[in-house]
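Q: Contents of upload22.pdb (PDB, C-alpha atoms):
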ATOM      1  CA  MET A 286     149.762  82.239  36.760
ATOM      2  CA  GLU A 287     149.135  80.828  40.215
ATOM      3  CA  LYS A 288     145.890  79.882  41.880
ATOM      4  CA  CYS A 289     144.625  81.479  45.071
ATOM      5  CA  LEU A 290     144.403  78.875  47.827
ATOM      6  CA  ASN A 291     141.379  80.667  49.274
ATOM      7  CA  CYS A 292     139.027  81.002  46.290
ATOM      8  CA  GLY A 293     140.850  79.314  43.393
ATOM      9  CA  ALA A 294     141.095  82.398  41.153
ATOM     10  CA  GLU A 295     144.219  82.710  39.012
ATOM     11  CA  SER A 296     146.555  85.648  39.493
ATOM     12  CA  ALA A 297     149.912  86.832  38.202
ATOM     13  CA  GLY A 298     150.289  89.339  41.012
ATOM     14  CA  LYS A 299     151.005  89.201  44.731
ATOM     15  CA  TYR A 300     147.345  89.326  45.749
ATOM     16  CA  CYS A 301     144.230  87.561  44.493
ATOM     17  CA  PRO A 302     142.099  89.918  42.333
ATOM     18  CA  ASP A 303     138.862  88.332  43.678
ATOM     19  CA  CYS A 304     139.303  87.904  47.431
ATOM     20  CA  GLY A 305     142.486  89.885  48.132
ATOM     21  CA  GLN A 306     144.416  87.062  49.839
ATOM     22  CA  GLU A 307     148.171  86.804  49.281
ATOM     23  CA  ILE A 308     149.006  84.291  46.558
ATOM     24  CA  GLU A 309     152.262  83.080  48.113
ATOM     25  CA  PHE A 310     151.621  80.569  50.906
ATOM     26  CA  LYS A 311     153.634  80.931  54.124
ATOM     27  CA  ARG A 312     153.480  78.771  57.222
ATOM     28  CA  LEU A 313     152.420  80.546  60.386
ATOM     29  CA  GLU A 314     155.224  81.701  62.682
ATOM     30  CA  VAL A 315     155.231  83.504  66.009
ATOM     31  CA  LYS A 316     156.649  86.642  64.406
ATOM     32  CA  THR A 317     153.880  86.558  61.782
ATOM     33  CA  ILE A 318     151.151  86.404  64.442
ATOM     34  CA  PHE A 319     152.867  89.155  66.458
ATOM     35  CA  HIS A 320     153.052  91.362  63.345
ATOM     36  CA  ASP A 321     149.373  90.774  62.516
ATOM     37  CA  VAL A 322     148.248  91.592  66.067
ATOM     38  CA  THR A 323     150.323  94.770  66.423
ATOM     39  CA  HIS A 324     149.447  95.942  62.913
ATOM     40  CA  GLY A 325     145.756  95.382  63.546
ATOM     41  CA  ILE A 326     145.770  97.217  66.880
ATOM     42  CA  LEU A 327     147.805 100.165  65.590
ATOM     43  CA  HIS A 328     145.712 100.443  62.433
ATOM     44  CA  TRP A 329     142.499 100.342  64.491
ATOM     45  CA  GLU A 330     143.720 102.952  66.975
ATOM     46  CA  ASN A 331     144.983 105.249  64.226
ATOM     47  CA  SER A 332     141.653 104.993  62.405
ATOM     48  CA  ILE A 333     139.674 105.808  65.567
ATOM     49  CA  LEU A 334     141.951 108.731  66.447
ATOM     50  CA  LYS A 335     141.818 110.097  62.911
ATOM     51  CA  THR A 336     138.028 109.876  62.884
ATOM     52  CA  PHE A 337     137.802 111.487  66.323
ATOM     53  CA  LYS A 338     139.974 114.403  65.196
ATOM     54  CA  GLN A 339     137.777 114.993  62.140
ATOM     55  CA  ILE A 340     134.510 114.685  64.087
ATOM     56  CA  LEU A 341     135.833 116.944  66.865
ATOM     57  CA  LEU A 342     137.104 119.788  64.685
ATOM     58  CA  LYS A 343     134.692 119.581  61.747
ATOM     59  CA  PRO A 344     131.674 117.587  62.984
ATOM     60  CA  GLY A 345     129.170 118.995  60.508
ATOM     61  CA  ASP A 346     131.409 118.882  57.448
ATOM     62  CA  THR A 347     132.725 115.380  58.206
ATOM     63  CA  VAL A 348     129.215 113.973  58.556
ATOM     64  CA  LYS A 349     128.138 115.689  55.335
ATOM     65  CA  TYR A 350     131.022 114.048  53.483
ATOM     66  CA  TYR A 351     130.118 110.664  54.977
ATOM     67  CA  ILE A 352     126.449 110.965  54.041
ATOM     68  CA  SER A 353     127.355 112.073  50.516
ATOM     69  CA  GLY A 354     129.461 108.942  50.003
ATOM     70  CA  GLN A 355     133.006 109.975  51.029
ATOM     71  CA  ARG A 356     133.405 107.221  53.637
ATOM     72  CA  LYS A 357     136.880 105.806  53.173
ATOM     73  CA  SER A 358     138.681 108.193  55.532
ATOM     74  CA  VAL A 359     136.535 107.593  58.642
ATOM     75  CA  VAL A 360     135.497 104.649  60.793
ATOM     76  CA  LYS A 361     131.852 103.628  60.372
ATOM     77  CA  PRO A 362     129.525 105.457  62.801
ATOM     78  CA  PHE A 363     128.337 102.479  64.867
ATOM     79  CA  THR A 364     131.864 101.047  65.074
ATOM     80  CA  TYR A 365     133.123 104.447  66.232
ATOM     81  CA  PHE A 366     130.388 104.718  68.858
ATOM     82  CA  ILE A 367     130.682 101.193  70.231
ATOM     83  CA  PHE A 368     134.469 101.476  70.635
ATOM     84  CA  ILE A 369     134.197 104.735  72.596
ATOM     85  CA  GLN A 370     131.168 103.450  74.503
ATOM     86  CA  THR A 371     133.143 100.391  75.647
ATOM     87  CA  VAL A 372     135.996 102.534  76.982
ATOM     88  CA  TYR A 373     133.502 104.900  78.612
ATOM     89  CA  VAL A 374     131.671 102.093  80.433
ATOM     90  CA  LEU A 375     134.905 100.571  81.741
ATOM     91  CA  ILE A 376     136.046 103.889  83.207
ATOM     92  CA  PHE A 377     132.526 104.690  84.461
ATOM     93  CA  HIS A 378     132.418 101.442  86.449
ATOM     94  CA  TRP A 379     135.767 102.372  87.967
ATOM     95  CA  MET A 380     134.864 105.988  88.806
ATOM     96  CA  SER A 381     131.117 105.958  89.472
ATOM     97  CA  GLY A 382     131.368 104.836  93.097
ATOM     98  CA  GLN A 383     133.399 107.906  94.001
ATOM     99  CA  TYR A 384     131.086 110.233  92.084
ATOM    100  CA  PHE A 385     127.905 108.754  93.549
ATOM    101  CA  ALA A 386     129.396 109.027  97.035
ATOM    102  CA  PHE A 387     129.985 112.733  96.352
ATOM    103  CA  LEU A 388     126.387 113.151  95.166
ATOM    104  CA  ASN A 389     124.994 111.339  98.209
ATOM    105  CA  PHE A 390     127.017 113.559 100.510
ATOM    106  CA  THR A 391     125.771 116.650  98.644
ATOM    107  CA  ILE A 392     122.116 115.575  98.625
ATOM    108  CA  ASN A 393     122.304 114.385 102.232
ATOM    109  CA  SER A 394     118.994 112.504 102.175
ATOM    110  CA  ALA A 395     117.927 110.256 105.008
ATOM    111  CA  GLY A 396     116.144 106.985 105.592
ATOM    112  CA  THR A 397     114.155 105.311 102.825
ATOM    113  CA  MET A 398     114.839 108.069 100.279
ATOM    114  CA  GLN A 399     118.591 107.603 100.679
ATOM    115  CA  GLU A 400     118.216 103.861 100.169
ATOM    116  CA  LYS A 401     116.174 104.416  96.980
ATOM    117  CA  ILE A 402     118.775 106.817  95.613
ATOM    118  CA  ILE A 403     121.562 104.315  96.268
ATOM    119  CA  GLN A 404     119.547 101.543  94.594
ATOM    120  CA  MET A 405     119.014 103.740  91.538
ATOM    121  CA  GLN A 406     122.711 104.522  91.391
ATOM    122  CA  HIS A 407     123.560 100.824  91.499
ATOM    123  CA  ALA A 408     121.088 100.188  88.674
ATOM    124  CA  ILE A 409     122.564 102.987  86.554
ATOM    125  CA  ASN A 410     126.041 101.620  87.163
ATOM    126  CA  ALA A 411     124.922  98.116  86.202
ATOM    127  CA  TYR A 412     122.962  99.068  83.078
ATOM    128  CA  ILE A 413     124.798 102.165  81.801
ATOM    129  CA  ASN A 414     126.080 100.050  78.925
ATOM    130  CA  TYR A 415     122.484  99.625  77.702
ATOM    131  CA  PHE A 416     121.187 103.084  78.565
ATOM    132  CA  ASN A 417     123.864 104.849  76.526
ATOM    133  CA  TYR A 418     122.612 103.315  73.274
ATOM    134  CA  PHE A 419     119.292 105.145  73.590
ATOM    135  CA  MET A 420     120.756 108.645  73.633
ATOM    136  CA  PRO A 421     121.839 108.537  69.945
ATOM    137  CA  VAL A 422     118.385 107.213  69.012
ATOM    138  CA  PHE A 423     116.572 110.101  70.720
ATOM    139  CA  PHE A 424     119.053 112.643  69.382
ATOM    140  CA  ALA A 425     118.646 111.292  65.842
ATOM    141  CA  LEU A 426     114.852 111.448  66.121
ATOM    142  CA  TYR A 427     114.830 115.107  67.155
ATOM    143  CA  PHE A 428     117.480 116.013  64.597
ATOM    144  CA  PHE A 429     115.404 114.404  61.855
ATOM    145  CA  LEU A 430     112.241 116.201  62.989
ATOM    146  CA  PHE A 431     113.947 119.575  63.360
ATOM    147  CA  TYR A 432     116.179 119.567  60.281
ATOM    148  CA  LYS A 433     114.744 117.222  57.627
ATOM    149  CA  LYS A 434     113.171 120.134  55.749
ATOM    150  CA  LYS A 435     116.287 122.305  55.929
ATOM    151  CA  THR A 436     118.871 119.615  55.116
ATOM    152  CA  GLY A 437     116.898 116.849  53.370
ATOM    153  CA  ILE A 438     118.326 114.310  55.817
ATOM    154  CA  ASN A 439     116.499 111.016  56.459
ATOM    155  CA  TYR A 440     116.284 109.149  59.763
ATOM    156  CA  ALA A 441     118.973 106.590  58.913
ATOM    157  CA  GLU A 442     121.397 109.412  58.096
ATOM    158  CA  SER A 443     120.379 111.133  61.336
ATOM    159  CA  ILE A 444     121.302 107.974  63.258
ATOM    160  CA  ALA A 445     124.728 107.851  61.586
ATOM    161  CA  LEU A 446     125.274 111.509  62.452
ATOM    162  CA  SER A 447     124.107 110.881  66.012
ATOM    163  CA  PHE A 448     126.474 107.964  66.602
ATOM    164  CA  TYR A 449     129.397 110.152  65.548
ATOM    165  CA  TRP A 450     128.471 113.190  67.623
ATOM    166  CA  ILE A 451     127.187 111.430  70.743
ATOM    167  CA  GLY A 452     130.183 109.107  70.601
ATOM    168  CA  THR A 453     132.432 112.154  70.660
ATOM    169  CA  THR A 454     130.629 113.550  73.718
ATOM    170  CA  LEU A 455     131.427 110.264  75.466
ATOM    171  CA  VAL A 456     135.106 111.062  74.913
ATOM    172  CA  PHE A 457     134.543 114.315  76.805
ATOM    173  CA  GLY A 458     133.003 112.237  79.589
ATOM    174  CA  ILE A 459     136.028 109.945  79.659
ATOM    175  CA  VAL A 460     138.461 112.861  79.909
ATOM    176  CA  LEU A 461     136.424 114.589  82.624
ATOM    177  CA  MET A 462     136.086 111.350  84.598
ATOM    178  CA  LEU A 463     139.870 111.010  84.614
ATOM    179  CA  LEU A 464     140.313 114.672  85.552
ATOM    180  CA  SER A 465     137.827 114.174  88.386
ATOM    181  CA  LEU A 466     140.584 112.232  90.151
ATOM    182  CA  ILE A 467     141.923 115.715  90.901
ATOM    183  CA  ASP A 468     138.533 117.104  91.937
ATOM    184  CA  ILE A 469     135.342 115.024  91.664
ATOM    185  CA  ARG A 470     133.297 118.135  90.800
ATOM    186  CA  ILE A 471     135.049 118.398  87.424
ATOM    187  CA  TRP A 472     132.785 115.634  86.110
ATOM    188  CA  ASN A 473     129.804 117.981  86.506
ATOM    189  CA  ALA A 474     131.093 120.015  83.557
ATOM    190  CA  ARG A 475     130.272 117.260  81.048
ATOM    191  CA  LEU A 476     126.736 118.435  80.233
ATOM    192  CA  LEU A 477     127.839 121.995  79.491
ATOM    193  CA  LEU A 478     130.706 120.769  77.318
ATOM    194  CA  ASN A 479     128.387 118.356  75.504
ATOM    195  CA  PHE A 480     125.841 121.122  74.878
ATOM    196  CA  ILE A 481     128.458 123.466  73.422
ATOM    197  CA  TYR A 482     129.886 120.797  71.137
ATOM    198  CA  LEU A 483     126.521 119.528  69.888
ATOM    199  CA  VAL A 484     125.259 123.040  69.168
ATOM    200  CA  PHE A 485     128.494 123.751  67.282
ATOM    201  CA  ALA A 486     128.109 120.498  65.307
ATOM    202  CA  ILE A 487     124.478 121.207  64.402
ATOM    203  CA  MET A 488     125.264 124.771  63.359
ATOM    204  CA  GLN A 489     128.082 123.603  61.109
ATOM    205  CA  PHE A 490     125.920 120.922  59.516
ATOM    206  CA  ALA A 491     122.699 122.910  59.047
ATOM    207  CA  LYS A 492     124.323 126.231  58.042
ATOM    208  CA  MET A 493     121.553 128.280  59.655
ATOM    209  CA  PRO A 494     121.696 131.980  60.658
ATOM    210  CA  LYS A 495     123.552 132.279  63.953
ATOM    211  CA  PHE A 496     120.838 133.569  66.291
ATOM    212  CA  LYS A 497     118.037 131.381  64.951
ATOM    213  CA  GLY A 498     120.383 128.425  64.530
ATOM    214  CA  ILE A 499     121.666 128.612  68.095
ATOM    215  CA  LEU A 500     118.165 128.832  69.591
ATOM    216  CA  LYS A 501     116.886 125.943  67.494
ATOM    217  CA  SER A 502     119.906 123.731  68.158
ATOM    218  CA  VAL A 503     119.865 124.443  71.916
ATOM    219  CA  LEU A 504     116.199 123.466  72.035
ATOM    220  CA  MET A 505     116.870 120.296  70.054
ATOM    221  CA  VAL A 506     119.757 119.226  72.278
ATOM    222  CA  PHE A 507     117.762 120.018  75.426
ATOM    223  CA  LEU A 508     114.829 117.903  74.241
ATOM    224  CA  SER A 509     117.192 115.040  73.416
ATOM    225  CA  TYR A 510     118.719 115.000  76.899
ATOM    226  CA  PHE A 511     115.359 115.570  78.587
ATOM    227  CA  THR A 512     113.793 112.641  76.707
ATOM    228  CA  PHE A 513     116.773 110.435  77.511
ATOM    229  CA  ALA A 514     116.605 111.343  81.226
ATOM    230  CA  ALA A 515     112.831 110.759  81.259
ATOM    231  CA  PHE A 516     113.275 107.398  79.559
ATOM    232  CA  VAL A 517     115.918 106.259  82.066
ATOM    233  CA  SER A 518     113.704 107.456  84.935
ATOM    234  CA  VAL A 519     110.699 105.495  83.650
ATOM    235  CA  VAL A 520     112.786 102.353  83.168
ATOM    236  CA  LEU A 521     114.172 102.603  86.708
ATOM    237  CA  PHE A 522     110.687 103.252  88.100
ATOM    238  CA  VAL A 523     109.290 100.161  86.375
ATOM    239  CA  TYR A 524     112.278  98.103  87.486
ATOM    240  CA  PHE A 525     112.084  99.037  91.176
ATOM    241  CA  TYR A 526     108.332  99.160  91.640
ATOM    242  CA  PHE A 527     107.280  96.196  89.532
ATOM    243  CA  LEU A 528     110.187  93.846  88.898
ATOM    244  CA  ALA A 529     112.452  94.252  91.924
ATOM    245  CA  ARG A 530     109.812  93.639  94.574
TER
END
The structure given in the file should be rewritten as structure tokens.
A:
Amino acid sequence: MEKCLNCGAESAGKYCPDCGQEIEFKRLEVKTIFHDVTHGILHWENSILKTFKQILLKPGDTVKYYISGQRKSVVKPFTYFIFIQTVYVLIFHWMSGQYFAFLNFTINSAGTMQEKIIQMQHAINAYINYFNYFMPVFFALYFFLFYKKKTGINYAESIALSFYWIGTTLVFGIVLMLLSLIDIRIWNARLLLNFIYLVFAIMQFAKMPKFKGILKSVLMVFLSYFTFAAFVSVVLFVYFYFLAR
């Protein structure tokens, strides 16, 4: 029997039964560090991709399994969201200038109004990392209000569900942003794609009759995006008219 150098527990095996550390002590080497780094990155990427595949193809069923306790096969909801959100923000900062220039050309405003629009765009670009965290909160609130009676879901479970589904819609945004290098107008398709996916996810989770389920889920998704847009608008209004003077 050997003692674990980390916690002192005795073990006859390769790993400590209490803390899981390897019993055999090895000095650090460059190849060991390289192996740990590559293994960690590949394991992380594989876990994210596996979770994304499950949430994309079976969003309702996957979330049901997670809520019911089958959580080993997927990345935790907030971890999943924050990873995708980070990638999204990086690409958004890179692409937003081109997209906003297209919008400004399309709107073709003049004078003070044009300056205000540009200021708002700069603010959105600067604070998109913070704004994006509110969308899952609003979506979870409406999902809880609309479906708690039908599904028995609580608000915490609605938040977990929301981080998975809204995180997946950010992947659509990433793909469309990259495709917009071909034609900037492609990015405009993100809302339609998001709507279709979220309605599909809700229908699969709630198991409601098709006609009634589609109408209810479309309304819920619309209210979520409307509330999010209203919230961002109010924040920008307060920022420009009270704090930025």
Q: Can you tell me how far atom CA of A:His378 sits from atom CA of A:Ile459, in Å to one decimal?
A: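 So the two atoms, atom CA of A:His378 and atom CA of A:Ile459, lie 11.5 Å apart.
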Q: Which residues, written as a short mmCIF file (atom, residue, chain, number, x, y, z; two decimals) with C-alpha atoms, in the coordinates of the input, have at least one atom at most 7 Å from A:Trp472, with all atoms listed in the file counted and residues fewer than 4 positions away on the same chain left out?
A:
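File selection_30.cif, as written:
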data_model
loop_
_atom_site.label_atom_id
_atom_site.label_comp_id
_atom_site.auth_asym_id
_atom_site.auth_seq_id
_atom_site.Cartn_x
_atom_site.Cartn_y
_atom_site.Cartn_z
CA LEU A 461 136.42 114.59 82.62
CA MET A 462 136.09 111.35 84.60
CA SER A 465 137.83 114.17 88.39
#
Q: I'd like the residues picked by the PyMOL selection byres ((chain A and resi 418) around 12) written out as a PDB file with C-alpha atoms, in the frame of the given file, using the chain letters and numbers from the file.
A:
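Below is the file result35.pdb, written as the result:
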ATOM      1  CA  PHE A 363     128.337 102.479  64.867  1.00  0.00           C
ATOM      2  CA  PHE A 366     130.388 104.718  68.858  1.00  0.00           C
ATOM      3  CA  ILE A 367     130.682 101.193  70.231  1.00  0.00           C
ATOM      4  CA  ILE A 369     134.197 104.735  72.596  1.00  0.00           C
ATOM      5  CA  GLN A 370     131.168 103.450  74.503  1.00  0.00           C
ATOM      6  CA  THR A 371     133.143 100.391  75.647  1.00  0.00           C
ATOM      7  CA  VAL A 374     131.671 102.093  80.433  1.00  0.00           C
ATOM      8  CA  TYR A 412     122.962  99.068  83.078  1.00  0.00           C
ATOM      9  CA  ILE A 413     124.798 102.165  81.801  1.00  0.00           C
ATOM     10  CA  ASN A 414     126.080 100.050  78.925  1.00  0.00           C
ATOM     11  CA  TYR A 415     122.484  99.625  77.702  1.00  0.00           C
ATOM     12  CA  PHE A 416     121.187 103.084  78.565  1.00  0.00           C
ATOM     13  CA  ASN A 417     123.864 104.849  76.526  1.00  0.00           C
ATOM     14  CA  PHE A 419     119.292 105.145  73.590  1.00  0.00           C
ATOM     15  CA  MET A 420     120.756 108.645  73.633  1.00  0.00           C
ATOM     16  CA  PRO A 421     121.839 108.537  69.945  1.00  0.00           C
ATOM     17  CA  VAL A 422     118.385 107.213  69.012  1.00  0.00           C
ATOM     18  CA  PHE A 423     116.572 110.101  70.720  1.00  0.00           C
ATOM     19  CA  PHE A 424     119.053 112.643  69.382  1.00  0.00           C
ATOM     20  CA  ALA A 425     118.646 111.292  65.842  1.00  0.00           C
ATOM     21  CA  ILE A 444     121.302 107.974  63.258  1.00  0.00           C
ATOM     22  CA  SER A 447     124.107 110.881  66.012  1.00  0.00           C
ATOM     23  CA  PHE A 448     126.474 107.964  66.602  1.00  0.00           C
ATOM     24  CA  ILE A 451     127.187 111.430  70.743  1.00  0.00           C
ATOM     25  CA  GLY A 452     130.183 109.107  70.601  1.00  0.00           C
ATOM     26  CA  LEU A 455     131.427 110.264  75.466  1.00  0.00           C
ATOM     27  CA  PHE A 513     116.773 110.435  77.511  1.00  0.00           C
ATOM     28  CA  PHE A 516     113.275 107.398  79.559  1.00  0.00           C
ATOM     29  CA  VAL A 517     115.918 106.259  82.066  1.00  0.00           C
TER      30      VAL A 517
END
Q: Take every atom of stretch 334-347 of chain A listed in the file, fit an axis-aligned box around them, add 6 Å per side, and give the centre and edge lengths in Å to one decimal as AutoDock Vina command-line options.
A:
--center_x 135.6 --center_y 114.3 --center_z 62.2 --size_x 24.8 --size_y 23.1 --size_z 21.4
Q: In Å, how far is it from atom CA of A:Phe337 to atom CA of A:Leu446?
A: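 The value is 13.1 Å.
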Q: Using the chain letters and numbers from the file, give me the residues hit by the PyMOL selection byres ((chain A and resi 482-485) around 10), as a ChimeraX atom specification.
A: /A:341-345,447,450-451,453-454,457,476-481,486-490,498-506
Q: Restricting it to C-alpha atoms, dump the selection as a short mmCIF file (atom, residue, chain, number, x, y, z; two decimals), in the frame of the given file.
A:
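Final file, result.cif:
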data_model
loop_
_atom_site.label_atom_id
_atom_site.label_comp_id
_atom_site.auth_asym_id
_atom_site.auth_seq_id
_atom_site.Cartn_x
_atom_site.Cartn_y
_atom_site.Cartn_z
CA LEU A 341 135.83 116.94 66.86
CA LEU A 342 137.10 119.79 64.68
CA LYS A 343 134.69 119.58 61.75
CA PRO A 344 131.67 117.59 62.98
CA GLY A 345 129.17 119.00 60.51
CA SER A 447 124.11 110.88 66.01
CA TRP A 450 128.47 113.19 67.62
CA ILE A 451 127.19 111.43 70.74
CA THR A 453 132.43 112.15 70.66
CA THR A 454 130.63 113.55 73.72
CA PHE A 457 134.54 114.32 76.81
CA LEU A 476 126.74 118.44 80.23
CA LEU A 477 127.84 122.00 79.49
CA LEU A 478 130.71 120.77 77.32
CA ASN A 479 128.39 118.36 75.50
CA PHE A 480 125.84 121.12 74.88
CA ILE A 481 128.46 123.47 73.42
CA ALA A 486 128.11 120.50 65.31
CA ILE A 487 124.48 121.21 64.40
CA MET A 488 125.26 124.77 63.36
CA GLN A 489 128.08 123.60 61.11
CA PHE A 490 125.92 120.92 59.52
CA GLY A 498 120.38 128.43 64.53
CA ILE A 499 121.67 128.61 68.10
CA LEU A 500 118.16 128.83 69.59
CA LYS A 501 116.89 125.94 67.49
CA SER A 502 119.91 123.73 68.16
CA VAL A 503 119.86 124.44 71.92
CA LEU A 504 116.20 123.47 72.04
CA MET A 505 116.87 120.30 70.05
CA VAL A 506 119.76 119.23 72.28
#
Q: Work out how far apart atom CA of A:Gly298 and atom CA of A:Arg356 are and give it in Å to one decimal.
A: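 Interatomic distance here is 27.6 Å.
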Q: Some atoms are absent from stretch 467-495 of chain A, so rebuild N, CA and C atoms and return them as an mmCIF file, in the frame of the given file.
A:
data_model
loop_
_atom_site.group_PDB
_atom_site.id
_atom_site.type_symbol
_atom_site.label_atom_id
_atom_site.label_comp_id
_atom_site.auth_asym_id
_atom_site.auth_seq_id
_atom_site.Cartn_x
_atom_site.Cartn_y
_atom_site.Cartn_z
ATOM 1 N N ILE A 467 141.365 114.524 90.249
ATOM 2 C CA ILE A 467 141.923 115.715 90.901
ATOM 3 C C ILE A 467 140.862 116.355 91.794
ATOM 4 N N ASP A 468 139.667 116.542 91.205
ATOM 5 C CA ASP A 468 138.533 117.104 91.937
ATOM 6 C C ASP A 468 137.270 116.491 91.347
ATOM 7 N N ILE A 469 136.498 115.778 92.148
ATOM 8 C CA ILE A 469 135.342 115.024 91.664
ATOM 9 C C ILE A 469 134.304 115.926 91.003
ATOM 10 N N ARG A 470 134.283 117.208 91.357
ATOM 11 C CA ARG A 470 133.297 118.135 90.800
ATOM 12 C C ARG A 470 133.543 118.441 89.323
ATOM 13 N N ILE A 471 134.731 118.140 88.829
ATOM 14 C CA ILE A 471 135.049 118.398 87.424
ATOM 15 C C ILE A 471 134.106 117.640 86.509
ATOM 16 N N TRP A 472 133.662 116.459 86.944
ATOM 17 C CA TRP A 472 132.785 115.634 86.110
ATOM 18 C C TRP A 472 131.452 116.336 85.826
ATOM 19 N N ASN A 473 131.071 117.267 86.691
ATOM 20 C CA ASN A 473 129.804 117.981 86.506
ATOM 21 C C ASN A 473 129.812 118.867 85.259
ATOM 22 N N ALA A 474 130.987 119.127 84.719
ATOM 23 C CA ALA A 474 131.093 120.015 83.557
ATOM 24 C C ALA A 474 130.722 119.320 82.249
ATOM 25 N N ARG A 475 130.461 118.010 82.296
ATOM 26 C CA ARG A 475 130.272 117.260 81.048
ATOM 27 C C ARG A 475 129.054 117.722 80.254
ATOM 28 N N LEU A 476 127.950 118.034 80.948
ATOM 29 C CA LEU A 476 126.736 118.435 80.233
ATOM 30 C C LEU A 476 126.924 119.757 79.492
ATOM 31 N N LEU A 477 127.573 120.708 80.136
ATOM 32 C CA LEU A 477 127.839 121.995 79.491
ATOM 33 C C LEU A 477 128.736 121.810 78.274
ATOM 34 N N LEU A 478 129.782 121.023 78.434
ATOM 35 C CA LEU A 478 130.706 120.769 77.318
ATOM 36 C C LEU A 478 129.987 120.055 76.182
ATOM 37 N N ASN A 479 129.152 119.083 76.522
ATOM 38 C CA ASN A 479 128.387 118.356 75.504
ATOM 39 C C ASN A 479 127.447 119.294 74.749
ATOM 40 N N PHE A 480 126.765 120.169 75.490
ATOM 41 C CA PHE A 480 125.841 121.122 74.878
ATOM 42 C C PHE A 480 126.564 122.015 73.871
ATOM 43 N N ILE A 481 127.695 122.556 74.288
ATOM 44 C CA ILE A 481 128.458 123.466 73.422
ATOM 45 C C ILE A 481 128.896 122.746 72.151
ATOM 46 N N TYR A 482 129.406 121.542 72.305
ATOM 47 C CA TYR A 482 129.886 120.797 71.137
ATOM 48 C C TYR A 482 128.746 120.443 70.194
ATOM 49 N N LEU A 483 127.637 119.956 70.732
ATOM 50 C CA LEU A 483 126.521 119.528 69.888
ATOM 51 C C LEU A 483 125.882 120.707 69.158
ATOM 52 N N VAL A 484 125.778 121.838 69.826
ATOM 53 C CA VAL A 484 125.259 123.040 69.168
ATOM 54 C C VAL A 484 126.204 123.462 68.039
ATOM 55 N N PHE A 485 127.491 123.432 68.305
ATOM 56 C CA PHE A 485 128.494 123.751 67.282
ATOM 57 C C PHE A 485 128.380 122.801 66.087
ATOM 58 N N ALA A 486 128.216 121.497 66.369
ATOM 59 C CA ALA A 486 128.109 120.498 65.307
ATOM 60 C C ALA A 486 126.857 120.720 64.459
ATOM 61 N N ILE A 487 125.734 120.975 65.117
ATOM 62 C CA ILE A 487 124.478 121.207 64.402
ATOM 63 C C ILE A 487 124.573 122.459 63.540
ATOM 64 N N MET A 488 125.133 123.518 64.100
ATOM 65 C CA MET A 488 125.264 124.771 63.359
ATOM 66 C C MET A 488 126.124 124.584 62.114
ATOM 67 N N GLN A 489 127.192 123.830 62.254
ATOM 68 C CA GLN A 489 128.082 123.603 61.109
ATOM 69 C C GLN A 489 127.405 122.758 60.040
ATOM 70 N N PHE A 490 126.594 121.809 60.468
ATOM 71 C CA PHE A 490 125.920 120.922 59.516
ATOM 72 C C PHE A 490 124.762 121.633 58.820
ATOM 73 N N ALA A 491 123.931 122.332 59.586
ATOM 74 C CA ALA A 491 122.699 122.910 59.047
ATOM 75 C C ALA A 491 122.916 124.240 58.341
ATOM 76 N N LYS A 492 124.013 124.944 58.676
ATOM 77 C CA LYS A 492 124.323 126.231 58.042
ATOM 78 C C LYS A 492 123.175 127.235 58.185
ATOM 79 N N MET A 493 122.660 127.352 59.406
ATOM 80 C CA MET A 493 121.553 128.280 59.655
ATOM 81 C C MET A 493 122.093 129.614 60.169
ATOM 82 N N PRO A 494 121.290 130.691 60.067
ATOM 83 C CA PRO A 494 121.696 131.980 60.658
ATOM 84 C C PRO A 494 122.031 131.800 62.135
ATOM 85 N N LYS A 495 123.012 132.533 62.617
ATOM 86 C CA LYS A 495 123.552 132.279 63.953
ATOM 87 C C LYS A 495 122.508 132.325 65.064
#
